[in-house]
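First the structure, in the form of C-alpha cells, and then the observations on it.
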Amino acid sequence: MAVSPGQTATTSGSNDVRSISGRIAPTLELPANPADLAKRAAPLLGWQGTVLPQLTLFGRRVFVVARLRPEAHAERIATGLRPMTDRATVATWAWPEFARLAPPPAVHIAGVLAVARHWRTGMAATVPFARYGEAAMVLPGTATLSHDYVDNCLPRARMYGLGVVAADDDANVDLDVACGDDRINLGSDEVWRWVHEVAYERLLACEAAGALA
C-alpha cells in the first residue's frame, strides 16, 4: 500500500496498515546543572540577590532570587521572630485584626526562575509567579530556534511578561526576552507573603552554611 511522504508504514500481521509520522522532534537537553544555569541567568535579567537552592512551590520546581531587607531583618532579630513557613499562620497576617501585628517581609524577591528543557514546562512553572513580580525561564538554545518557540512561546511570554534566557551547548547564556513591565501585578497577598517567608528561611540557611564553610 502506498504511504504518503514523511510517513512510515507499520503492520501487525494483518492487512491493516497504520501510518506514523516520520518527523521526530529533536531531543532537548540542558547543557549544565539547572542550579548553575540559574546562577548564570539571574544577572542577565538584572536580578540582584542570592539564587536559592531549587524549591518546590505549589508543585512547581523553581529558583527564587532574593536578598535581605536589612532593617526588617534586624527588627525580626530584635523581636526573636524567625521565618514563619506555616501557611495557615501566615494567612492570618492578612486578617484586619492581625495586620498591624504582622512582621514586615524580611527579604526582597528579585524574581522567580525556572530551568526547563521545553518552554511549555518552563511557562507552567513561572506564570503563577509572574502575577506578583518578575519571572523568567532558562531554555536550551536549540529550543529557542524552533518554529514552535517563535509561533507559540514568544507571544505568550510577552503576554505574561516572562523573561527568556537561552543556554547554548557550552552553557553560555544569552537574554532572549526581557521581563515585561506591563504585566498584571496582583500585589502582595497571603500566598506571596508565605513565599517571602520560605525564601527568608532558605536565605538564612544559605548564609549560615556559607559562614560555616
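Every chain in the C-alpha cells has a letter given in the order shown (A, B, ...), and although residue numbers restart at 1 in each chain, ligands are simply numbered from 1 in the order shown.
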Contacts of stretch 21-138 of chain A with stretch 146-163 of chain A up to 10 Å, shortest pair per row, only C-alpha atoms, as a tab-separated table:
residue	atom	partner	partner_atom	distance
A:Ala25	CA	A:Ser146	CA	9.9
A:Leu45	CA	A:Gly163	CA	7.5
A:Leu113	CA	A:Gly163	CA	9.0
A:His118	CA	A:Tyr149	CA	9.1
A:Trp119	CA	A:Cys153	CA	6.7
A:Arg120	CA	A:Cys153	CA	7.7
A:Met123	CA	A:Ala157	CA	7.8
A:Thr126	CA	A:Leu162	CA	7.8
A:Val127	CA	A:Tyr160	CA	6.8
A:Pro128	CA	A:Tyr160	CA	9.6
A:Phe129	CA	A:Leu162	CA	9.7
A:Ala130	CA	A:Tyr160	CA	6.8
A:Arg131	CA	A:Tyr160	CA	8.2
A:Gly133	CA	A:Gly161	CA	9.3
A:Glu134	CA	A:Leu162	CA	7.1
A:Ala135	CA	A:Leu162	CA	5.5
A:Ala136	CA	A:Gly163	CA	4.2
A:Met137	CA	A:Gly163	CA	6.4
A:Val138	CA	A:Gly163	CA	8.6
Notebook entry, point to check: What residues in stretch 115-179 of chain A get the DSSP label alpha helix (DSSP H)? Please answer as JSON, numbers by chain.
Noted result: {"A": [119, 120, 121, 122, 123, 124, 125, 126, 127, 128, 129, 130, 147, 148, 154, 155, 156, 157, 158, 159, 160]}
Take the residues that were just selected and, keeping N, CA and C atoms, output them as a tab-separated table (two decimals), in the first residue's frame.
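The resulting file, out.tsv, is reproduced below:
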chain	number	residue	atom	x	y	z
A	119	TRP	N	9.71	24.94	26.57
A	119	TRP	CA	9.11	26.20	27.02
A	119	TRP	C	7.77	25.98	27.72
A	120	ARG	N	7.04	24.95	27.34
A	120	ARG	CA	5.75	24.72	27.99
A	120	ARG	C	5.93	24.37	29.47
A	121	THR	N	6.95	23.57	29.76
A	121	THR	CA	7.24	23.23	31.16
A	121	THR	C	7.68	24.47	31.93
A	122	GLY	N	8.57	25.25	31.32
A	122	GLY	CA	9.05	26.46	31.97
A	122	GLY	C	7.94	27.47	32.20
A	123	MET	N	7.04	27.58	31.25
A	123	MET	CA	5.95	28.54	31.39
A	123	MET	C	4.96	28.10	32.45
A	124	ALA	N	4.66	26.81	32.50
A	124	ALA	CA	3.75	26.31	33.52
A	124	ALA	C	4.29	26.57	34.93
A	125	ALA	N	5.62	26.54	35.06
A	125	ALA	CA	6.24	26.76	36.37
A	125	ALA	C	6.26	28.22	36.77
A	126	THR	N	6.40	29.12	35.80
A	126	THR	CA	6.66	30.52	36.13
A	126	THR	C	5.45	31.45	36.06
A	127	VAL	N	4.46	31.13	35.24
A	127	VAL	CA	3.32	32.04	35.07
A	127	VAL	C	2.64	32.39	36.39
A	128	PRO	N	2.41	31.43	37.31
A	128	PRO	CA	1.75	31.82	38.57
A	128	PRO	C	2.52	32.87	39.36
A	129	PHE	N	3.84	32.89	39.24
A	129	PHE	CA	4.65	33.86	39.98
A	129	PHE	C	4.75	35.19	39.26
A	130	ALA	N	4.49	35.20	37.95
A	130	ALA	CA	4.55	36.44	37.19
A	130	ALA	C	3.44	37.40	37.60
A	147	HIS	N	10.29	26.68	15.27
A	147	HIS	CA	9.08	27.42	14.88
A	147	HIS	C	8.06	27.42	16.01
A	148	ASP	N	8.02	26.32	16.76
A	148	ASP	CA	7.09	26.23	17.88
A	148	ASP	C	7.36	27.33	18.90
A	154	LEU	N	6.82	32.78	22.23
A	154	LEU	CA	7.08	34.22	22.33
A	154	LEU	C	5.83	35.05	22.57
A	155	PRO	N	4.73	34.82	21.84
A	155	PRO	CA	3.53	35.62	22.12
A	155	PRO	C	3.04	35.45	23.56
A	156	ARG	N	3.10	34.24	24.08
A	156	ARG	CA	2.64	34.00	25.45
A	156	ARG	C	3.61	34.61	26.46
A	157	ALA	N	4.90	34.51	26.20
A	157	ALA	CA	5.88	35.09	27.11
A	157	ALA	C	5.68	36.60	27.23
A	158	ARG	N	5.44	37.24	26.10
A	158	ARG	CA	5.22	38.69	26.12
A	158	ARG	C	3.90	39.03	26.81
A	159	MET	N	2.90	38.19	26.62
A	159	MET	CA	1.60	38.44	27.24
A	159	MET	C	1.70	38.39	28.77
A	160	TYR	N	2.47	37.42	29.28
A	160	TYR	CA	2.61	37.26	30.73
A	160	TYR	C	3.78	38.04	31.30
Notebook entry, point to check: Can you tell me, as a count of residues only, what residues are no more than 12 Å from A:Glu71 when counting only C-alpha atoms, ignoring any on the same chain fewer than 2 positions away?
Noted result: 14
Next item on the list: Quick one: pull the distance between atom CA of A:Gly210 and atom CA of A:Leu52, Å, one decimal.
Entry: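 If I compute the distance from atom CA of A:Gly210 to atom CA of A:Leu52, I get 12.6 Å.
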